[in-house]
Every structure is written in structure tokens, then in C-alpha cells.
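Text of my_file-v1.pdb, listed as PDB, C-alpha atoms, pLDDT in the B column:
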ATOM      1  CA  ILE M 581     120.977  77.610  76.866  1.00 90.00           C
ATOM      2  CA  GLY M 582     120.168  81.277  77.182  1.00 93.00           C
ATOM      3  CA  LYS M 583     121.623  84.541  76.083  1.00 94.00           C
ATOM      4  CA  ALA M 584     120.760  88.061  77.128  1.00 94.00           C
ATOM      5  CA  TYR M 585     122.251  91.350  76.105  1.00 94.00           C
ATOM      6  CA  GLY M 586     121.380  95.011  76.254  1.00 96.00           C
ATOM      7  CA  ILE M 587     122.287  98.510  77.291  1.00 97.00           C
ATOM      8  CA  GLU M 588     120.909 100.853  79.960  1.00 97.00           C
ATOM      9  CA  PHE M 589     120.817 104.642  80.163  1.00 97.00           C
ATOM     10  CA  SER M 590     119.983 106.767  83.182  1.00 98.00           C
ATOM     11  CA  LEU M 591     119.675 110.522  83.664  1.00 97.00           C
ATOM     12  CA  SER M 592     118.862 112.173  86.970  1.00 97.00           C
ATOM     13  CA  LYS M 593     118.402 115.617  88.481  1.00 97.00           C
ATOM     14  CA  THR M 594     118.952 115.574  92.247  1.00 96.00           C
ATOM     15  CA  LYS M 595     119.219 119.244  93.272  1.00 96.00           C
ATOM     16  CA  GLY M 596     116.521 121.837  93.745  1.00 96.00           C
ATOM     17  CA  ASN M 597     112.789 121.619  94.405  1.00 97.00           C
ATOM     18  CA  PHE M 598     112.185 119.821  91.100  1.00 97.00           C
ATOM     19  CA  THR M 599     114.005 116.493  90.825  1.00 98.00           C
ATOM     20  CA  GLY M 600     113.601 113.486  88.618  1.00 98.00           C
ATOM     21  CA  MET M 601     115.031 110.525  86.806  1.00 98.00           C
ATOM     22  CA  LEU M 602     114.768 108.964  83.355  1.00 98.00           C
ATOM     23  CA  ASN M 603     115.811 105.337  82.837  1.00 98.00           C
ATOM     24  CA  TYR M 604     115.827 103.389  79.580  1.00 98.00           C
ATOM     25  CA  THR M 605     116.819  99.790  78.895  1.00 97.00           C
ATOM     26  CA  LEU M 606     117.190  98.223  75.451  1.00 97.00           C
ATOM     27  CA  SER M 607     117.627  94.470  75.821  1.00 96.00           C
ATOM     28  CA  ARG M 608     116.985  91.010  74.396  1.00 95.00           C
ATOM     29  CA  SER M 609     116.645  87.631  76.093  1.00 94.00           C
ATOM     30  CA  LEU M 610     116.657  84.424  74.041  1.00 94.00           C
ATOM     31  CA  ARG M 611     116.499  80.702  74.833  1.00 93.00           C
ATOM     32  CA  SER M 612     117.391  77.480  73.074  1.00 93.00           C
ATOM     33  CA  PHE M 613     116.674  73.872  74.061  1.00 92.00           C
ATOM     34  CA  PRO M 614     118.013  70.921  72.035  1.00 91.00           C
ATOM     35  CA  ASN M 615     114.650  69.091  72.213  1.00 88.00           C
ATOM     36  CA  ILE M 616     112.403  72.075  71.370  1.00 82.00           C
ATOM     37  CA  TYR M 617     112.196  73.162  67.727  1.00 81.00           C
ATOM     38  CA  GLU M 618     115.511  71.457  66.974  1.00 85.00           C
ATOM     39  CA  GLY M 619     117.479  73.878  69.134  1.00 88.00           C
ATOM     40  CA  GLU M 620     116.303  77.003  67.280  1.00 89.00           C
ATOM     41  CA  TRP M 621     116.609  80.231  69.287  1.00 92.00           C
ATOM     42  CA  PHE M 622     113.345  81.808  70.453  1.00 92.00           C
ATOM     43  CA  ASN M 623     112.296  84.807  72.546  1.00 92.00           C
ATOM     44  CA  ASP M 624     112.226  84.241  76.275  1.00 91.00           C
ATOM     45  CA  LYS M 625     108.796  84.834  77.845  1.00 84.00           C
ATOM     46  CA  PHE M 626     110.156  87.860  79.704  1.00 82.00           C
ATOM     47  CA  ASP M 627     112.089  89.321  76.751  1.00 90.00           C
ATOM     48  CA  ARG M 628     111.458  93.066  76.985  1.00 90.00           C
ATOM     49  CA  ILE M 629     113.038  95.037  74.201  1.00 94.00           C
ATOM     50  CA  HIS M 630     112.146  98.451  75.646  1.00 97.00           C
ATOM     51  CA  ASP M 631     111.776  99.381  79.314  1.00 96.00           C
ATOM     52  CA  VAL M 632     111.315 103.062  80.222  1.00 98.00           C
ATOM     53  CA  SER M 633     110.625 104.790  83.530  1.00 98.00           C
ATOM     54  CA  LEU M 634     110.243 108.501  84.135  1.00 98.00           C
ATOM     55  CA  LEU M 635     110.052 109.905  87.679  1.00 98.00           C
ATOM     56  CA  ALA M 636     109.326 113.558  88.470  1.00 98.00           C
ATOM     57  CA  CYS M 637     109.246 114.974  92.007  1.00 98.00           C
ATOM     58  CA  TYR M 638     108.404 118.456  93.251  1.00 98.00           C
ATOM     59  CA  LYS M 639     108.916 119.770  96.791  1.00 97.00           C
ATOM     60  CA  LEU M 640     106.387 122.588  97.270  1.00 97.00           C
ATOM     61  CA  ASN M 641     107.455 123.412 100.840  1.00 96.00           C
ATOM     62  CA  ASN M 642     108.430 121.624 104.081  1.00 94.00           C
ATOM     63  CA  LYS M 643     104.904 120.202 104.423  1.00 96.00           C
ATOM     64  CA  TRP M 644     104.074 119.030 100.873  1.00 97.00           C
ATOM     65  CA  ASP M 645     105.863 117.141  98.105  1.00 97.00           C
ATOM     66  CA  PHE M 646     104.472 115.521  94.972  1.00 98.00           C
ATOM     67  CA  SER M 647     105.647 112.868  92.531  1.00 98.00           C
ATOM     68  CA  ALA M 648     104.622 111.189  89.308  1.00 98.00           C
ATOM     69  CA  ASN M 649     106.060 107.972  87.895  1.00 98.00           C
ATOM     70  CA  TRP M 650     105.375 106.725  84.347  1.00 98.00           C
ATOM     71  CA  VAL M 651     106.514 103.291  83.187  1.00 97.00           C
ATOM     72  CA  PHE M 652     106.440 101.666  79.746  1.00 97.00           C
ATOM     73  CA  ALA M 653     107.581  98.192  78.726  1.00 96.00           C
ATOM     74  CA  THR M 654     107.375  96.062  75.619  1.00 94.00           C
ATOM     75  CA  GLY M 655     104.713  93.372  76.016  1.00 91.00           C
ATOM     76  CA  ASN M 656     105.651  89.871  77.156  1.00 88.00           C
ATOM     77  CA  CYS M 657     106.083  87.114  74.599  1.00 90.00           C
ATOM     78  CA  THR M 658     103.523  84.342  74.359  1.00 87.00           C
ATOM     79  CA  THR M 659     102.782  81.352  72.155  1.00 86.00           C
ATOM     80  CA  LEU M 660      99.540  81.484  70.183  1.00 84.00           C
ATOM     81  CA  PRO M 661      97.976  78.666  68.178  1.00 84.00           C
ATOM     82  CA  ALA M 662      98.554  78.938  64.426  1.00 82.00           C
ATOM     83  CA  GLY M 663      95.490  76.778  63.809  1.00 81.00           C
ATOM     84  CA  ARG M 664      93.069  74.247  65.289  1.00 79.00           C
ATOM     85  CA  TYR M 665      91.780  70.833  64.341  1.00 80.00           C
ATOM     86  CA  TRP M 666      89.391  68.175  65.603  1.00 78.00           C
ATOM     87  CA  ALA M 667      90.838  64.981  67.057  1.00 83.00           C
ATOM     88  CA  MET M 668      88.574  62.365  68.639  1.00 83.00           C
ATOM     89  CA  GLY M 669      85.841  64.944  69.347  1.00 75.00           C
ATOM     90  CA  THR M 670      88.204  67.468  70.948  1.00 78.00           C
ATOM     91  CA  ILE M 671      89.573  70.749  69.627  1.00 78.00           C
ATOM     92  CA  MET M 672      93.363  70.587  69.437  1.00 83.00           C
ATOM     93  CA  ASN M 673      95.761  73.477  68.911  1.00 84.00           C
ATOM     94  CA  ASP M 674      98.474  73.517  66.261  1.00 86.00           C
ATOM     95  CA  TYR M 675     101.523  75.670  67.021  1.00 84.00           C
ATOM     96  CA  ASP M 676     104.093  77.173  64.679  1.00 82.00           C
ATOM     97  CA  GLY M 677     107.032  78.493  66.671  1.00 81.00           C
ATOM     98  CA  TYR M 678     107.457  79.362  70.320  1.00 84.00           C
ATOM     99  CA  ASN M 679     106.857  82.811  71.863  1.00 88.00           C
ATOM    100  CA  THR M 680     106.342  84.361  68.426  1.00 86.00           C
ATOM    101  CA  PHE M 681     103.590  86.788  69.520  1.00 87.00           C
ATOM    102  CA  ARG M 682     103.841  89.796  71.852  1.00 89.00           C
ATOM    103  CA  LEU M 683     101.126  90.988  74.175  1.00 89.00           C
ATOM    104  CA  PRO M 684     100.345  94.719  73.940  1.00 91.00           C
ATOM    105  CA  PRO M 685     102.809  97.055  75.693  1.00 94.00           C
ATOM    106  CA  TYR M 686     102.536  97.672  79.426  1.00 94.00           C
ATOM    107  CA  HIS M 687     102.314 101.257  80.673  1.00 96.00           C
ATOM    108  CA  ARG M 688     100.830 103.176  83.583  1.00 97.00           C
ATOM    109  CA  LEU M 689     101.075 106.487  85.452  1.00 98.00           C
ATOM    110  CA  ASP M 690     101.280 106.654  89.248  1.00 98.00           C
ATOM    111  CA  ILE M 691     100.989 109.888  91.237  1.00 98.00           C
ATOM    112  CA  SER M 692     101.382 110.686  94.921  1.00 98.00           C
ATOM    113  CA  ALA M 693     101.366 113.524  97.422  1.00 98.00           C
ATOM    114  CA  ASN M 694     103.090 113.489 100.812  1.00 98.00           C
ATOM    115  CA  TRP M 695     101.915 115.629 103.695  1.00 97.00           C
ATOM    116  CA  HIS M 696     104.660 115.919 106.321  1.00 96.00           C
ATOM    117  CA  LEU M 697     103.010 116.286 109.740  1.00 94.00           C
ATOM    118  CA  GLU M 698     104.535 117.842 112.824  1.00 91.00           C
ATOM    119  CA  SER M 699     104.475 115.523 115.826  1.00 87.00           C
ATOM    120  CA  ARG M 700     105.702 115.496 119.399  1.00 87.00           C
ATOM    121  CA  PHE M 701     105.671 111.677 119.435  1.00 90.00           C
ATOM    122  CA  PHE M 702     107.406 110.751 116.160  1.00 89.00           C
ATOM    123  CA  LYS M 703     110.680 111.795 114.547  1.00 89.00           C
ATOM    124  CA  GLN M 704     108.900 111.699 111.206  1.00 91.00           C
ATOM    125  CA  SER M 705     105.186 111.466 110.366  1.00 93.00           C
ATOM    126  CA  VAL M 706     103.937 111.492 106.760  1.00 96.00           C
ATOM    127  CA  LEU M 707     100.494 110.962 105.240  1.00 96.00           C
ATOM    128  CA  ASN M 708     100.758 109.674 101.676  1.00 98.00           C
ATOM    129  CA  PHE M 709      97.956 109.954  99.110  1.00 98.00           C
ATOM    130  CA  SER M 710      98.587 107.857  95.982  1.00 98.00           C
ATOM    131  CA  ILE M 711      96.869 106.720  92.823  1.00 98.00           C
ATOM    132  CA  ILE M 712      98.382 103.784  90.973  1.00 97.00           C
ATOM    133  CA  ASN M 713      97.505 103.373  87.283  1.00 97.00           C
ATOM    134  CA  LEU M 714      95.904 106.821  87.126  1.00 97.00           C
ATOM    135  CA  TYR M 715      94.422 106.399  83.643  1.00 96.00           C
ATOM    136  CA  ASN M 716      93.088 102.897  84.485  1.00 96.00           C
ATOM    137  CA  ARG M 717      94.881 101.069  81.671  1.00 95.00           C
ATOM    138  CA  SER M 718      93.964  97.403  81.334  1.00 93.00           C
ATOM    139  CA  ASN M 719      97.512  96.101  81.021  1.00 93.00           C
ATOM    140  CA  PRO M 720      97.607  92.510  79.743  1.00 88.00           C
ATOM    141  CA  TYR M 721      98.757  89.888  82.234  1.00 85.00           C
ATOM    142  CA  PHE M 722      97.933  86.859  80.106  1.00 83.00           C
ATOM    143  CA  VAL M 723      95.566  85.658  77.370  1.00 85.00           C
ATOM    144  CA  PHE M 724      93.327  82.578  77.411  1.00 85.00           C
ATOM    145  CA  TYR M 725      90.926  81.165  74.852  1.00 82.00           C
ATOM    146  CA  LYS M 726      87.277  80.359  75.278  1.00 83.00           C
ATOM    147  CA  VAL M 727      85.423  78.029  72.920  1.00 79.00           C
ATOM    148  CA  TYR M 728      81.825  78.875  72.044  1.00 80.00           C
ATOM    149  CA  LEU M 729      79.829  76.004  70.513  1.00 77.00           C
ATOM    150  CA  GLY M 730      77.177  76.669  67.873  1.00 76.00           C
ATOM    151  CA  GLU M 731      74.213  74.535  66.842  1.00 79.00           C
ATOM    152  CA  SER M 732      76.322  71.691  65.427  1.00 74.00           C
ATOM    153  CA  GLN M 733      79.400  69.948  66.778  1.00 67.00           C
ATOM    154  CA  TYR M 734      81.575  71.610  64.125  1.00 68.00           C
ATOM    155  CA  ASP M 735      80.106  75.098  64.524  1.00 74.00           C
ATOM    156  CA  ILE M 736      82.537  76.723  66.951  1.00 76.00           C
ATOM    157  CA  ASP M 737      83.892  80.163  67.658  1.00 78.00           C
ATOM    158  CA  ILE M 738      87.108  80.675  69.615  1.00 79.00           C
ATOM    159  CA  LYS M 739      87.827  84.053  71.190  1.00 83.00           C
ATOM    160  CA  ALA M 740      90.912  85.324  72.963  1.00 83.00           C
ATOM    161  CA  ASN M 741      90.290  86.859  76.379  1.00 88.00           C
ATOM    162  CA  GLN M 742      92.772  89.119  78.125  1.00 89.00           C
ATOM    163  CA  ILE M 743      93.265  89.025  81.874  1.00 90.00           C
ATOM    164  CA  SER M 744      94.408  92.319  83.379  1.00 91.00           C
ATOM    165  CA  LEU M 745      95.477  93.030  86.930  1.00 87.00           C
ATOM    166  CA  PHE M 746      95.679  96.211  88.954  1.00 88.00           C
ATOM    167  CA  PRO M 747      93.121  98.724  87.714  1.00 93.00           C
ATOM    168  CA  ILE M 748      93.193 102.267  89.099  1.00 95.00           C
ATOM    169  CA  MET M 749      94.040 101.966  92.805  1.00 96.00           C
ATOM    170  CA  PRO M 750      93.848 104.950  95.154  1.00 97.00           C
ATOM    171  CA  SER M 751      95.449 104.585  98.567  1.00 97.00           C
ATOM    172  CA  ILE M 752      96.196 106.488 101.754  1.00 97.00           C
ATOM    173  CA  ASN M 753      98.928 105.430 104.146  1.00 96.00           C
ATOM    174  CA  TRP M 754     100.688 106.808 107.166  1.00 95.00           C
ATOM    175  CA  ARG M 755     104.435 106.414 107.663  1.00 93.00           C
ATOM    176  CA  PHE M 756     106.042 107.295 110.940  1.00 93.00           C
ATOM    177  CA  THR M 757     109.426 106.883 112.607  1.00 92.00           C
ATOM    178  CA  LEU M 758     109.774 106.501 116.359  1.00 88.00           C
TER     179      LEU M 758
END
Would you mind writing the file out in C-alpha cells?
Amino acid sequence: IGKAYGIEFSLSKTKGNFTGMLNYTLSRSLRSFPNIYEGEWFNDKFDRIHDVSLLACYKLNNKWDFSANWVFATGNCTTLPAGRYWAMGTIMNDYDGYNTFRLPPYHRLDISANWHLESRFFKQSVLNFSIINLYNRSNPYFVFYKVYLGESQYDIDIKANQISLFPIMPSINWRFTL
């Protein structure tokens, strides 16, 4: 069984050389299974309370236009161990609840510039210069745990490691229409 609810807001400016859009979503997504935690409701993995995007565009002239897009989202839910114990020579995890921890928030800034080229061969020809994740934020994708053994069998250290995808990524592309 699942339930999801929320509200969305959107503002946009579409006329003039400076245009843009602001979008905001406030939402919740919950799940319940009869055989998991006695049917108690818990956060869905993709429950995002806040989701914001801000787009700004500027047309300098017929040859150049620029844009910036900033996104922010509440971190995904995950289940972390509440404790650990030894069982038959193996470290076992003990859990208390499901999806009770949130990863850090996700946010990034993307920018781009379009150079509109004149062409005798194409109806439209545009060179695009973009940078995704301009400030190189290490947004969390998931967390895993690594066990470090000490000198004795019971001397251990467990550390959480974050995996992040998509560091700063510059790109150049050419779009054309025949």
C-alpha cells in the first residue's frame, strides 16, 4: 500500500530578453507492507519533501543566449544499521525502522551559452557550451559500509562511504536542423 500527496507551485516569465521559471514541489510518499514492521507506514526511498528548480535565461542578441539552472532536492531516504553484532564469526547488522535516515540534500548549478551560427546548408545551426554541476558538488547517490579489521578479531572499525556521480562536466555540442 502506498500513499503520496503534495502541492506544486510554478512561476514563469516568458516575455523579453530575460526569461525564467521557478518551480517548487512540497510532497510526501509513504509505503506500508503487512509483513514489514507490522504494517507501520515508512518513508518511500524516493520520498522528496522539497524539490526546487530555478531557470534563468538571457538573450543577448540574435547570435548569443545564456542560461543557468539551479536544482535542489531533499536527500533520498535510506536504511542505516542501528547497531552491529558478531554471529558465527561474521559481523551482522541490526536495524531499527526502515528508511529512517536521509542522505544529504542534492543540489547543483548548470550553465550554458548558445552561439547561433549562420549557415547556407542548415535551417538552424547552434553551438552549445555547457557546464553541468558548476561548483562540483559531490551529491550522494548511495552509501555503503567498509569494515576495517584491527589486530584482533574483535577490533573493527566500520566507516560509511558515499558514492557520488556526475562531478563537474563541461561539454560542447552542435545542434543543426536540415
Per-residue nearest contacts range 586-653 of chain M to range 708-728 of chain M, cut-off 12 Å, using all atoms listed in the file, as CSV:
residue,atom,partner,partner_atom,distance
M:Lys625,CA,M:Phe722,CA,11.3
M:Phe626,CA,M:Tyr721,CA,11.9
M:Lys643,CA,M:Asn708,CA,11.6
M:Trp644,CA,M:Asn708,CA,10.0
M:Asp645,CA,M:Asn708,CA,9.7
M:Phe646,CA,M:Phe709,CA,9.5
M:Ser647,CA,M:Ser710,CA,9.3
M:Ala648,CA,M:Ser710,CA,9.6
M:Asn649,CA,M:Ile712,CA,9.3
M:Trp650,CA,M:Asn713,CA,9.0
M:Val651,CA,M:Asn713,CA,9.9
M:Phe652,CA,M:Asn719,CA,10.6
M:Ala653,CA,M:Asn719,CA,10.5
- Name the residues within 12 Å of (101.8, 78.2, 69.9), counting only C-alpha atoms in the file's coordinates, and put them as a PyMOL selection string. chain M and resi 617+657-664+672-682
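Listed by chain and then by number, the residues chosen by the PyMOL selection byres ((chain M and resi 641) around 12) in this file are M:Gly596, M:Asn597, M:Phe598, M:Tyr638, M:Lys639, M:Leu640, M:Asn642, M:Lys643, M:Trp644, M:Asp645, M:Phe646, M:Asn694, M:Trp695, M:His696.
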- Item | Answer key for the PyMOL selection byres ((chain M and resi 584-592) around 12), residues as a VMD selection string | chain M and resid 581 to 583 593 to 595 598 to 612 621 to 624 626 to 637
Selection file, C-alpha atoms, as a compact mmCIF listing (two decimals), in the coordinates of the input:
# COMPACT_ATOMS: atom_id res chain seq x y z
CA ILE M 581 120.98 77.61 76.87
CA GLY M 582 120.17 81.28 77.18
CA LYS M 583 121.62 84.54 76.08
CA LYS M 593 118.40 115.62 88.48
CA THR M 594 118.95 115.57 92.25
CA LYS M 595 119.22 119.24 93.27
CA PHE M 598 112.18 119.82 91.10
CA THR M 599 114.00 116.49 90.82
CA GLY M 600 113.60 113.49 88.62
CA MET M 601 115.03 110.52 86.81
CA LEU M 602 114.77 108.96 83.36
CA ASN M 603 115.81 105.34 82.84
CA TYR M 604 115.83 103.39 79.58
CA THR M 605 116.82 99.79 78.90
CA LEU M 606 117.19 98.22 75.45
CA SER M 607 117.63 94.47 75.82
CA ARG M 608 116.98 91.01 74.40
CA SER M 609 116.64 87.63 76.09
CA LEU M 610 116.66 84.42 74.04
CA ARG M 611 116.50 80.70 74.83
CA SER M 612 117.39 77.48 73.07
CA TRP M 621 116.61 80.23 69.29
CA PHE M 622 113.34 81.81 70.45
CA ASN M 623 112.30 84.81 72.55
CA ASP M 624 112.23 84.24 76.28
CA PHE M 626 110.16 87.86 79.70
CA ASP M 627 112.09 89.32 76.75
CA ARG M 628 111.46 93.07 76.98
CA ILE M 629 113.04 95.04 74.20
CA HIS M 630 112.15 98.45 75.65
CA ASP M 631 111.78 99.38 79.31
CA VAL M 632 111.32 103.06 80.22
CA SER M 633 110.62 104.79 83.53
CA LEU M 634 110.24 108.50 84.14
CA LEU M 635 110.05 109.90 87.68
CA ALA M 636 109.33 113.56 88.47
CA CYS M 637 109.25 114.97 92.01
- Item | Interatomic distance, CA of Arg688 in chain M to CA of Phe756 in chain M (Å, one decimal) | 28.2 Å
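Here CA of Pro685 in chain M stands at a distance of 7.9 Å from CA of Asn656 in chain M.
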Can you give me, as a CSV table (one decimal) with C-alpha atoms, in the frame of the given file, the residues this file yields under the PyMOL selection byres ((chain M and resi 705) around 7)?
chain,number,residue,atom,x,y,z
M,696,HIS,CA,104.7,115.9,106.3
M,697,LEU,CA,103.0,116.3,109.7
M,698,GLU,CA,104.5,117.8,112.8
M,699,SER,CA,104.5,115.5,115.8
M,702,PHE,CA,107.4,110.8,116.2
M,703,LYS,CA,110.7,111.8,114.5
M,704,GLN,CA,108.9,111.7,111.2
M,706,VAL,CA,103.9,111.5,106.8
M,707,LEU,CA,100.5,111.0,105.2
M,755,ARG,CA,104.4,106.4,107.7
M,756,PHE,CA,106.0,107.3,110.9
M,757,THR,CA,109.4,106.9,112.6
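Atom to atom, CA of Pro747 in chain M and CA of Leu689 in chain M stand 11.3 Å apart.
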- Note on the structure: Counting only C-alpha atoms, closest pick from M:Leu683, M:Ile748, M:Leu758, M:Met668 relative to Phe701 in chain M is M:Leu758
Would you fill the gaps in range 627-649 of chain M so it has N, CA and C atoms, then print it as a PDB file, in the frame of the given file?
ATOM      1  N   ASP M 627     111.292  88.463  77.618  1.00 90.00           N
ATOM      2  CA  ASP M 627     112.089  89.321  76.751  1.00 90.00           C
ATOM      3  C   ASP M 627     111.375  90.666  76.611  1.00 90.00           C
ATOM      4  N   ARG M 628     112.017  91.714  77.079  1.00 90.00           N
ATOM      5  CA  ARG M 628     111.458  93.066  76.985  1.00 90.00           C
ATOM      6  C   ARG M 628     112.456  93.919  76.231  1.00 90.00           C
ATOM      7  N   ILE M 629     112.115  94.259  75.015  1.00 94.00           N
ATOM      8  CA  ILE M 629     113.038  95.037  74.201  1.00 94.00           C
ATOM      9  C   ILE M 629     113.206  96.439  74.785  1.00 94.00           C
ATOM     10  N   HIS M 630     112.092  97.086  75.105  1.00 97.00           N
ATOM     11  CA  HIS M 630     112.146  98.451  75.646  1.00 97.00           C
ATOM     12  C   HIS M 630     111.569  98.469  77.061  1.00 97.00           C
ATOM     13  N   ASP M 631     112.246  99.186  77.941  1.00 96.00           N
ATOM     14  CA  ASP M 631     111.776  99.381  79.314  1.00 96.00           C
ATOM     15  C   ASP M 631     112.135 100.821  79.701  1.00 96.00           C
ATOM     16  N   VAL M 632     111.110 101.637  79.935  1.00 98.00           N
ATOM     17  CA  VAL M 632     111.315 103.062  80.222  1.00 98.00           C
ATOM     18  C   VAL M 632     110.638 103.415  81.540  1.00 98.00           C
ATOM     19  N   SER M 633     111.288 104.232  82.348  1.00 98.00           N
ATOM     20  CA  SER M 633     110.625 104.790  83.530  1.00 98.00           C
ATOM     21  C   SER M 633     111.029 106.256  83.658  1.00 98.00           C
ATOM     22  N   LEU M 634     110.037 107.071  83.981  1.00 98.00           N
ATOM     23  CA  LEU M 634     110.243 108.501  84.135  1.00 98.00           C
ATOM     24  C   LEU M 634     109.642 108.920  85.477  1.00 98.00           C
ATOM     25  N   LEU M 635     110.471 109.465  86.348  1.00 98.00           N
ATOM     26  CA  LEU M 635     110.052 109.905  87.679  1.00 98.00           C
ATOM     27  C   LEU M 635     110.268 111.408  87.794  1.00 98.00           C
ATOM     28  N   ALA M 636     109.226 112.114  88.230  1.00 98.00           N
ATOM     29  CA  ALA M 636     109.326 113.558  88.470  1.00 98.00           C
ATOM     30  C   ALA M 636     108.828 113.841  89.880  1.00 98.00           C
ATOM     31  N   CYS M 637     109.600 114.628  90.631  1.00 98.00           N
ATOM     32  CA  CYS M 637     109.246 114.974  92.007  1.00 98.00           C
ATOM     33  C   CYS M 637     109.323 116.488  92.172  1.00 98.00           C
ATOM     34  N   TYR M 638     108.409 117.017  92.985  1.00 98.00           N
ATOM     35  CA  TYR M 638     108.404 118.456  93.251  1.00 98.00           C
ATOM     36  C   TYR M 638     108.157 118.690  94.736  1.00 98.00           C
ATOM     37  N   LYS M 639     109.069 119.413  95.380  1.00 97.00           N
ATOM     38  CA  LYS M 639     108.916 119.770  96.791  1.00 97.00           C
ATOM     39  C   LYS M 639     108.352 121.185  96.842  1.00 97.00           C
ATOM     40  N   LEU M 640     107.064 121.292  97.213  1.00 97.00           N
ATOM     41  CA  LEU M 640     106.387 122.588  97.270  1.00 97.00           C
ATOM     42  C   LEU M 640     106.893 123.411  98.454  1.00 97.00           C
ATOM     43  N   ASN M 641     106.968 122.770  99.627  1.00 96.00           N
ATOM     44  CA  ASN M 641     107.455 123.412 100.840  1.00 96.00           C
ATOM     45  C   ASN M 641     107.832 122.302 101.825  1.00 96.00           C
ATOM     46  N   ASN M 642     108.037 122.648 103.103  1.00 94.00           N
ATOM     47  CA  ASN M 642     108.430 121.624 104.081  1.00 94.00           C
ATOM     48  C   ASN M 642     107.281 120.688 104.450  1.00 94.00           C
ATOM     49  N   LYS M 643     106.065 121.038 104.084  1.00 96.00           N
ATOM     50  CA  LYS M 643     104.904 120.202 104.423  1.00 96.00           C
ATOM     51  C   LYS M 643     104.451 119.315 103.269  1.00 96.00           C
ATOM     52  N   TRP M 644     104.624 119.755 102.021  1.00 97.00           N
ATOM     53  CA  TRP M 644     104.074 119.030 100.873  1.00 97.00           C
ATOM     54  C   TRP M 644     105.135 118.731  99.815  1.00 97.00           C
ATOM     55  N   ASP M 645     105.099 117.476  99.302  1.00 97.00           N
ATOM     56  CA  ASP M 645     105.863 117.141  98.105  1.00 97.00           C
ATOM     57  C   ASP M 645     105.021 116.197  97.241  1.00 97.00           C
ATOM     58  N   PHE M 646     105.281 116.250  95.954  1.00 98.00           N
ATOM     59  CA  PHE M 646     104.472 115.521  94.972  1.00 98.00           C
ATOM     60  C   PHE M 646     105.386 114.734  94.042  1.00 98.00           C
ATOM     61  N   SER M 647     104.861 113.631  93.505  1.00 98.00           N
ATOM     62  CA  SER M 647     105.647 112.868  92.531  1.00 98.00           C
ATOM     63  C   SER M 647     104.726 112.189  91.520  1.00 98.00           C
ATOM     64  N   ALA M 648     105.302 111.928  90.367  1.00 98.00           N
ATOM     65  CA  ALA M 648     104.622 111.189  89.308  1.00 98.00           C
ATOM     66  C   ALA M 648     105.631 110.215  88.721  1.00 98.00           C
ATOM     67  N   ASN M 649     105.190 109.009  88.445  1.00 98.00           N
ATOM     68  CA  ASN M 649     106.060 107.972  87.895  1.00 98.00           C
ATOM     69  C   ASN M 649     105.336 107.313  86.723  1.00 98.00           C
TER      70      ASN M 649
END
